[in-house]
Amino acid sequence: MSQSPEIDHALALLRAGQVIGLPTETVYGLAADASDEAAIKKIYELKGRPADHPLIVHIAPPSLKDKDSEEAWSLALQPWARDIPEEALVLAKTFWPGPLTMVLTKAKQVSPLVTGGQDTVAIRCPNHPVAIDLLKQWGKGLVAPSANRFGKVSPTCAQDVLDEFPRQDLFVIDGGACQVGIESTIIDLTRVEQLGPRLLRPGMLTEDTILQALSLVAKESDDSSPVPRVSGSLSAHYAPKTPLILRGRNTVLPDLNHKKVAYVSLGLDPQPFAQASELTLLEWGLNPAKYAQQLYRVLRDFDKENYDYIIFDEPPHAQEWLAILDRLKRAARGSGH
């Protein structure tokens, strides 16, 4: 037994094949035993997630004294992956626990329900004390996609998860607000010798930072090899019900007369919003870490307030903003439904 009744209860539910809500540093997840196909199916049903959309396996870190040991990380990965490249071990000891997901060639025993039927598996080691404690005591892997209905805004606190599934008797461990606030960076290492690491989903850990750890530089690839399907890669995703507009300098706005508008400004002229009958204005500074931490929280809050439009100034196209721009573009394409 642990010293936390919440952890003990969560472990009992997981052992019984149930799904729980789990905090991580990125967003809250719906967690289940990664080796229990019946439990994994419950996640797909809860989320309304397509069966070919793969999940991410979450694993515990080695002991603190082995944190910098490539051998220890190799042992942690071996139940899930084979032909593990040296680059994966370097990235693990550099960035794990942390908001980085690596796509590797799956071990034979990994269920196709985890991988969406592919020969690849996505794995990460989350950097949240509750998740680490649970995973260490669990002793195996957990699949844990974001704890929201498929395609909708990811949750960044325990109440978001409960609001998302009000009719479910879902146990959620309250680990406070997520510190990163958007999903992990996903990097493909399945053909690293031929193609190098390939960025599949941007996150707050930038591609340049990852490549620097491997003593590599970014390069354009003319290779047309298909990339593995991964979480959060659909063109419309992370979407509020309220129509969301990403506003650049040349964006033509709809008629806002007698409309209720929420506007997140990065410094563009707010004058066009004068005609709105009600305007909520948030002026956010150019701090990408703080922006990411607040993004889903604000989208969820705005969505509850019956706005006619949510409008965001388009963030800079610099690498440290790439993940935020990615989420906003996908949210805008999927919003209003």
# chains A, B, ... in the order shown; residues from 1 in each chain; ligands from 1

call {"tool": "residues_around", "arguments": {"residues": "segment 205-218 of chain A", "least_positions_apart": "6", "cutoff": "8 Å", "atoms": "only C-alpha atoms", "output": "list in words"}}
result
Glu87, Val90, Leu91, Thr94, Pro99, Leu100, Ser184, Thr185, Leu199, Gln319 and Glu320 of chain A

call {"tool": "write_last_selection", "arguments": {"atoms": "C-alpha atoms", "output": "mmCIF file, in the first residue's frame"}}
result
data_model
loop_
_atom_site.group_PDB
_atom_site.id
_atom_site.type_symbol
_atom_site.label_atom_id
_atom_site.label_comp_id
_atom_site.auth_asym_id
_atom_site.auth_seq_id
_atom_site.Cartn_x
_atom_site.Cartn_y
_atom_site.Cartn_z
ATOM 1 C CA GLU A 87 19.248 8.029 -30.373
ATOM 2 C CA VAL A 90 20.134 9.542 -25.584
ATOM 3 C CA LEU A 91 16.798 11.361 -25.771
ATOM 4 C CA THR A 94 18.168 13.800 -21.635
ATOM 5 C CA PRO A 99 6.915 16.108 -22.600
ATOM 6 C CA LEU A 100 8.538 14.000 -25.336
ATOM 7 C CA SER A 184 3.895 16.264 -25.882
ATOM 8 C CA THR A 185 6.249 16.582 -28.825
ATOM 9 C CA LEU A 199 8.955 15.501 -36.060
ATOM 10 C CA GLN A 319 9.964 27.524 -33.486
ATOM 11 C CA GLU A 320 9.122 28.087 -29.816
#

call {"tool": "closest_atom_pairs", "arguments": {"of": "segment 205-317 of chain A", "to": "segment 116-127 of chain A", "cutoff": "12 Å", "atoms": "only C-alpha atoms", "output": "tab-separated table"}}
result
residue	atom	partner	partner_atom	distance
A:Pro226	CA	A:Gln118	CA	11.9
A:Val227	CA	A:Thr120	CA	10.1
A:Pro228	CA	A:Thr120	CA	7.0
A:Arg229	CA	A:Gly116	CA	8.0
A:Val230	CA	A:Ala122	CA	7.6
A:Ser231	CA	A:Ala122	CA	9.0

call {"tool": "write_last_selection", "arguments": {"atoms": "C-alpha atoms", "output": "mmCIF file, in the first residue's frame"}}
result
data_model
loop_
_atom_site.group_PDB
_atom_site.id
_atom_site.type_symbol
_atom_site.label_atom_id
_atom_site.label_comp_id
_atom_site.auth_asym_id
_atom_site.auth_seq_id
_atom_site.Cartn_x
_atom_site.Cartn_y
_atom_site.Cartn_z
ATOM 1 C CA PRO A 226 4.958 7.393 -45.051
ATOM 2 C CA VAL A 227 5.107 8.463 -41.419
ATOM 3 C CA PRO A 228 3.361 6.559 -38.619
ATOM 4 C CA ARG A 229 -0.091 7.704 -37.561
ATOM 5 C CA VAL A 230 0.086 9.376 -34.154
ATOM 6 C CA SER A 231 -2.207 11.071 -31.664
#

call {"tool": "select_by_dssp", "arguments": {"residues": "segment 94-229 of chain A", "states": "alpha helix (DSSP H)", "output": "MDAnalysis selection string"}}
result
chainID A and resid 94:95 112:115 129:138 158:164 192:195 207:213

call {"tool": "select_by_dssp", "arguments": {"residues": "segment 212-310 of chain A", "states": "strand (DSSP E or B)", "output": "PDB file with N, CA and C atoms, in the first residue's frame"}}
result
ATOM      1  N   ALA A 239     -10.734  21.045 -30.601  1.00  0.00           N
ATOM      2  CA  ALA A 239     -11.671  22.066 -31.072  1.00  0.00           C
ATOM      3  C   ALA A 239     -12.774  22.391 -30.066  1.00  0.00           C
ATOM      4  N   LEU A 244     -13.986  29.302 -33.825  1.00  0.00           N
ATOM      5  CA  LEU A 244     -12.717  29.925 -33.465  1.00  0.00           C
ATOM      6  C   LEU A 244     -12.052  30.466 -34.726  1.00  0.00           C
ATOM      7  N   ILE A 245     -11.600  31.721 -34.660  1.00  0.00           N
ATOM      8  CA  ILE A 245     -10.931  32.368 -35.789  1.00  0.00           C
ATOM      9  C   ILE A 245      -9.505  32.695 -35.380  1.00  0.00           C
ATOM     10  N   LEU A 246      -8.557  32.311 -36.213  1.00  0.00           N
ATOM     11  CA  LEU A 246      -7.156  32.656 -35.999  1.00  0.00           C
ATOM     12  C   LEU A 246      -6.880  33.888 -36.852  1.00  0.00           C
ATOM     13  N   ARG A 247      -6.572  34.997 -36.220  1.00  0.00           N
ATOM     14  CA  ARG A 247      -6.524  36.296 -36.893  1.00  0.00           C
ATOM     15  C   ARG A 247      -5.098  36.720 -37.225  1.00  0.00           C
ATOM     16  N   LYS A 260     -21.410  38.419 -29.461  1.00  0.00           N
ATOM     17  CA  LYS A 260     -20.641  38.282 -28.225  1.00  0.00           C
ATOM     18  C   LYS A 260     -19.300  37.638 -28.590  1.00  0.00           C
ATOM     19  N   VAL A 261     -18.212  38.359 -28.339  1.00  0.00           N
ATOM     20  CA  VAL A 261     -16.899  37.958 -28.844  1.00  0.00           C
ATOM     21  C   VAL A 261     -15.890  37.849 -27.697  1.00  0.00           C
ATOM     22  N   ALA A 262     -15.096  36.789 -27.721  1.00  0.00           N
ATOM     23  CA  ALA A 262     -13.931  36.647 -26.847  1.00  0.00           C
ATOM     24  C   ALA A 262     -12.688  36.787 -27.713  1.00  0.00           C
ATOM     25  N   TYR A 263     -11.772  37.649 -27.310  1.00  0.00           N
ATOM     26  CA  TYR A 263     -10.606  37.962 -28.150  1.00  0.00           C
ATOM     27  C   TYR A 263      -9.335  37.870 -27.321  1.00  0.00           C
ATOM     28  N   VAL A 264      -8.399  37.023 -27.768  1.00  0.00           N
ATOM     29  CA  VAL A 264      -7.087  36.903 -27.130  1.00  0.00           C
ATOM     30  C   VAL A 264      -6.084  37.634 -28.014  1.00  0.00           C
ATOM     31  N   SER A 265      -5.567  38.739 -27.491  1.00  0.00           N
ATOM     32  CA  SER A 265      -4.748  39.645 -28.297  1.00  0.00           C
ATOM     33  C   SER A 265      -3.263  39.454 -28.038  1.00  0.00           C
ATOM     34  N   GLU A 278     -20.770  42.586 -27.018  1.00  0.00           N
ATOM     35  CA  GLU A 278     -20.049  42.256 -25.782  1.00  0.00           C
ATOM     36  C   GLU A 278     -18.686  41.720 -26.162  1.00  0.00           C
ATOM     37  N   LEU A 279     -17.649  42.271 -25.554  1.00  0.00           N
ATOM     38  CA  LEU A 279     -16.279  41.864 -25.885  1.00  0.00           C
ATOM     39  C   LEU A 279     -15.526  41.523 -24.611  1.00  0.00           C
ATOM     40  N   THR A 280     -14.976  40.322 -24.570  1.00  0.00           N
ATOM     41  CA  THR A 280     -14.043  39.937 -23.520  1.00  0.00           C
ATOM     42  C   THR A 280     -12.651  39.942 -24.131  1.00  0.00           C
ATOM     43  N   LEU A 281     -11.783  40.787 -23.614  1.00  0.00           N
ATOM     44  CA  LEU A 281     -10.446  40.966 -24.182  1.00  0.00           C
ATOM     45  C   LEU A 281      -9.396  40.458 -23.209  1.00  0.00           C
ATOM     46  N   LEU A 282      -8.581  39.525 -23.679  1.00  0.00           N
ATOM     47  CA  LEU A 282      -7.416  39.080 -22.927  1.00  0.00           C
ATOM     48  C   LEU A 282      -6.172  39.494 -23.695  1.00  0.00           C
ATOM     49  N   GLU A 283      -5.251  40.168 -23.016  1.00  0.00           N
ATOM     50  CA  GLU A 283      -4.001  40.593 -23.660  1.00  0.00           C
ATOM     51  C   GLU A 283      -2.867  39.761 -23.079  1.00  0.00           C
ATOM     52  N   TYR A 309     -18.201  34.058 -31.186  1.00  0.00           N
ATOM     53  CA  TYR A 309     -16.892  33.802 -31.800  1.00  0.00           C
ATOM     54  C   TYR A 309     -15.799  33.868 -30.733  1.00  0.00           C
ATOM     55  N   ILE A 310     -14.801  33.024 -30.892  1.00  0.00           N
ATOM     56  CA  ILE A 310     -13.547  33.130 -30.143  1.00  0.00           C
ATOM     57  C   ILE A 310     -12.478  33.490 -31.167  1.00  0.00           C
TER      58      ILE A 310
END

call {"tool": "residues_around", "arguments": {"residues": "segment 158-170 of chain A", "least_positions_apart": "5", "cutoff": "8 Å", "atoms": "only C-alpha atoms", "output": "PyMOL selection string"}}
result
chain A and resi 19-21+23+28+147-149+175-177

call {"tool": "residues_around", "arguments": {"residues": "Leu266 of chain A", "least_positions_apart": "3", "cutoff": "12 Å", "atoms": "only C-alpha atoms", "output": "PyMOL selection string"}}
result
chain A and resi 246-249+263+269-270+281-288+291+311-316

call {"tool": "write_last_selection", "arguments": {"atoms": "N, CA and C atoms", "output": "PDB file, in the first residue's frame"}}
result
ATOM      1  N   LEU A 246      -8.557  32.311 -36.213  1.00  0.00           N
ATOM      2  CA  LEU A 246      -7.156  32.656 -35.999  1.00  0.00           C
ATOM      3  C   LEU A 246      -6.880  33.888 -36.852  1.00  0.00           C
ATOM      4  N   ARG A 247      -6.572  34.997 -36.220  1.00  0.00           N
ATOM      5  CA  ARG A 247      -6.524  36.296 -36.893  1.00  0.00           C
ATOM      6  C   ARG A 247      -5.098  36.720 -37.225  1.00  0.00           C
ATOM      7  N   GLY A 248      -4.797  36.756 -38.517  1.00  0.00           N
ATOM      8  CA  GLY A 248      -3.555  37.344 -38.988  1.00  0.00           C
ATOM      9  C   GLY A 248      -3.792  38.776 -39.429  1.00  0.00           C
ATOM     10  N   ARG A 249      -2.754  39.422 -39.942  1.00  0.00           N
ATOM     11  CA  ARG A 249      -2.888  40.838 -40.323  1.00  0.00           C
ATOM     12  C   ARG A 249      -3.857  41.034 -41.475  1.00  0.00           C
ATOM     13  N   TYR A 263     -11.772  37.649 -27.310  1.00  0.00           N
ATOM     14  CA  TYR A 263     -10.606  37.962 -28.150  1.00  0.00           C
ATOM     15  C   TYR A 263      -9.335  37.870 -27.321  1.00  0.00           C
ATOM     16  N   ASP A 269      -4.470  45.395 -33.769  1.00  0.00           N
ATOM     17  CA  ASP A 269      -5.443  46.448 -33.500  1.00  0.00           C
ATOM     18  C   ASP A 269      -6.788  45.850 -33.075  1.00  0.00           C
ATOM     19  N   PRO A 270      -7.299  46.199 -31.875  1.00  0.00           N
ATOM     20  CA  PRO A 270      -8.598  45.671 -31.448  1.00  0.00           C
ATOM     21  C   PRO A 270      -9.792  46.452 -31.996  1.00  0.00           C
ATOM     22  N   LEU A 281     -11.783  40.787 -23.614  1.00  0.00           N
ATOM     23  CA  LEU A 281     -10.446  40.966 -24.182  1.00  0.00           C
ATOM     24  C   LEU A 281      -9.396  40.458 -23.209  1.00  0.00           C
ATOM     25  N   LEU A 282      -8.581  39.525 -23.679  1.00  0.00           N
ATOM     26  CA  LEU A 282      -7.416  39.080 -22.927  1.00  0.00           C
ATOM     27  C   LEU A 282      -6.172  39.494 -23.695  1.00  0.00           C
ATOM     28  N   GLU A 283      -5.251  40.168 -23.016  1.00  0.00           N
ATOM     29  CA  GLU A 283      -4.001  40.593 -23.660  1.00  0.00           C
ATOM     30  C   GLU A 283      -2.867  39.761 -23.079  1.00  0.00           C
ATOM     31  N   TRP A 284      -2.398  38.827 -23.892  1.00  0.00           N
ATOM     32  CA  TRP A 284      -1.354  37.907 -23.443  1.00  0.00           C
ATOM     33  C   TRP A 284      -0.003  38.374 -23.976  1.00  0.00           C
ATOM     34  N   GLY A 285       1.012  38.264 -23.130  1.00  0.00           N
ATOM     35  CA  GLY A 285       2.352  38.628 -23.556  1.00  0.00           C
ATOM     36  C   GLY A 285       2.983  37.547 -24.426  1.00  0.00           C
ATOM     37  N   LEU A 286       4.158  37.873 -24.956  1.00  0.00           N
ATOM     38  CA  LEU A 286       4.846  36.959 -25.872  1.00  0.00           C
ATOM     39  C   LEU A 286       5.723  35.976 -25.097  1.00  0.00           C
ATOM     40  N   ASN A 287       5.075  35.199 -24.249  1.00  0.00           N
ATOM     41  CA  ASN A 287       5.755  34.158 -23.486  1.00  0.00           C
ATOM     42  C   ASN A 287       5.117  32.831 -23.863  1.00  0.00           C
ATOM     43  N   PRO A 288       5.750  32.035 -24.737  1.00  0.00           N
ATOM     44  CA  PRO A 288       5.089  30.830 -25.241  1.00  0.00           C
ATOM     45  C   PRO A 288       4.766  29.808 -24.154  1.00  0.00           C
ATOM     46  N   TYR A 291       1.685  31.008 -22.412  1.00  0.00           N
ATOM     47  CA  TYR A 291       0.583  30.931 -23.386  1.00  0.00           C
ATOM     48  C   TYR A 291       0.072  29.495 -23.479  1.00  0.00           C
ATOM     49  N   ILE A 311     -11.737  34.570 -30.908  1.00  0.00           N
ATOM     50  CA  ILE A 311     -10.749  35.048 -31.881  1.00  0.00           C
ATOM     51  C   ILE A 311      -9.387  35.159 -31.199  1.00  0.00           C
ATOM     52  N   PHE A 312      -8.401  34.551 -31.817  1.00  0.00           N
ATOM     53  CA  PHE A 312      -7.020  34.624 -31.328  1.00  0.00           C
ATOM     54  C   PHE A 312      -6.161  35.336 -32.368  1.00  0.00           C
ATOM     55  N   ASP A 313      -5.314  36.266 -31.922  1.00  0.00           N
ATOM     56  CA  ASP A 313      -4.266  36.760 -32.817  1.00  0.00           C
ATOM     57  C   ASP A 313      -3.327  35.602 -33.150  1.00  0.00           C
ATOM     58  N   GLU A 314      -2.922  35.522 -34.409  1.00  0.00           N
ATOM     59  CA  GLU A 314      -1.996  34.459 -34.813  1.00  0.00           C
ATOM     60  C   GLU A 314      -0.648  34.687 -34.147  1.00  0.00           C
ATOM     61  N   PRO A 315      -0.104  33.664 -33.461  1.00  0.00           N
ATOM     62  CA  PRO A 315       1.184  33.838 -32.787  1.00  0.00           C
ATOM     63  C   PRO A 315       2.341  33.885 -33.784  1.00  0.00           C
ATOM     64  N   PRO A 316       3.519  34.287 -33.324  1.00  0.00           N
ATOM     65  CA  PRO A 316       4.693  34.327 -34.211  1.00  0.00           C
ATOM     66  C   PRO A 316       4.989  32.949 -34.804  1.00  0.00           C
TER      67      PRO A 316
END

call {"tool": "residues_around", "arguments": {"residues": "Pro240 of chain A", "least_positions_apart": "4", "cutoff": "8 Å", "atoms": "only C-alpha atoms", "output": "PyMOL selection string"}}
result
chain A and resi 152-153+244+299-300+303+331+334-337

call {"tool": "write_last_selection", "arguments": {"atoms": "N, CA and C atoms", "output": "CSV table (one decimal), in the first residue's frame"}}
result
chain,number,residue,atom,x,y,z
A,152,LYS,N,-11.9,17.1,-29.3
A,152,LYS,CA,-12.3,18.2,-28.5
A,152,LYS,C,-11.1,18.8,-27.7
A,153,VAL,N,-11.3,19.8,-27.0
A,153,VAL,CA,-10.3,20.5,-26.2
A,153,VAL,C,-9.8,19.6,-25.1
A,244,LEU,N,-14.0,29.3,-33.8
A,244,LEU,CA,-12.7,29.9,-33.5
A,244,LEU,C,-12.1,30.5,-34.7
A,299,LEU,N,-9.8,28.2,-23.7
A,299,LEU,CA,-10.8,27.7,-24.7
A,299,LEU,C,-11.9,27.0,-24.0
A,300,ARG,N,-11.7,26.2,-23.0
A,300,ARG,CA,-12.8,25.5,-22.3
A,300,ARG,C,-13.7,26.6,-21.6
A,303,ASP,N,-15.8,28.4,-24.0
A,303,ASP,CA,-16.8,27.5,-24.6
A,303,ASP,C,-18.1,27.4,-23.8
A,331,ALA,N,-7.6,23.6,-34.0
A,331,ALA,CA,-8.8,24.0,-33.3
A,331,ALA,C,-9.8,24.9,-34.1
A,334,GLY,N,-11.6,22.7,-36.7
A,334,GLY,CA,-12.6,21.8,-36.1
A,334,GLY,C,-13.7,22.5,-35.3
A,335,SER,N,-13.6,23.8,-35.1
A,335,SER,CA,-14.5,24.4,-34.2
A,335,SER,C,-15.9,24.7,-34.8
A,336,GLY,N,-16.8,25.0,-33.9
A,336,GLY,CA,-18.2,25.3,-34.4
A,336,GLY,C,-19.1,24.1,-34.6
A,337,HIS,N,-18.7,23.0,-34.1
A,337,HIS,CA,-19.5,21.7,-34.2
A,337,HIS,C,-20.0,21.2,-32.9

call {"tool": "closest_atom_pairs", "arguments": {"of": "segment 178-292 of chain A", "to": "segment 68-84 of chain A", "cutoff": "12 Å", "atoms": "only C-alpha atoms", "output": "JSON lines"}}
result
{"residue": "A:Asp188", "atom": "CA", "partner": "A:Ile84", "partner_atom": "CA", "distance": 11.8}
{"residue": "A:Leu189", "atom": "CA", "partner": "A:Ile84", "partner_atom": "CA", "distance": 8.6}
{"residue": "A:Thr190", "atom": "CA", "partner": "A:Ile84", "partner_atom": "CA", "distance": 8.4}
{"residue": "A:Arg191", "atom": "CA", "partner": "A:Asp83", "partner_atom": "CA", "distance": 10.4}
{"residue": "A:Val192", "atom": "CA", "partner": "A:Ile84", "partner_atom": "CA", "distance": 10.2}
{"residue": "A:Glu193", "atom": "CA", "partner": "A:Ile84", "partner_atom": "CA", "distance": 11.6}

call {"tool": "atom_distance", "arguments": {"atom1": "atom CA of Ala323 of chain A", "atom2": "atom CA of Asn250 of chain A"}}
result
22.0 Å

call {"tool": "atom_distance", "arguments": {"atom1": "atom CA of Thr156 of chain A", "atom2": "atom CA of Cys178 of chain A"}}
result
5.2 Å

call {"tool": "closest_residue", "arguments": {"among": "A:Val27, A:Leu142, A:Ala332, A:Leu113", "to": "Thr242 of chain A", "atoms": "only C-alpha atoms"}}
result
A:Ala332

call {"tool": "atom_distance", "arguments": {"atom1": "atom CA of Leu135 of chain A", "atom2": "atom CA of Phe95 of chain A"}}
result
17.6 Å

call {"tool": "closest_residue", "arguments": {"among": "A:His53, A:His237, A:Arg333, A:His58", "to": "Leu134 of chain A", "atoms": "only C-alpha atoms"}}
result
A:His58
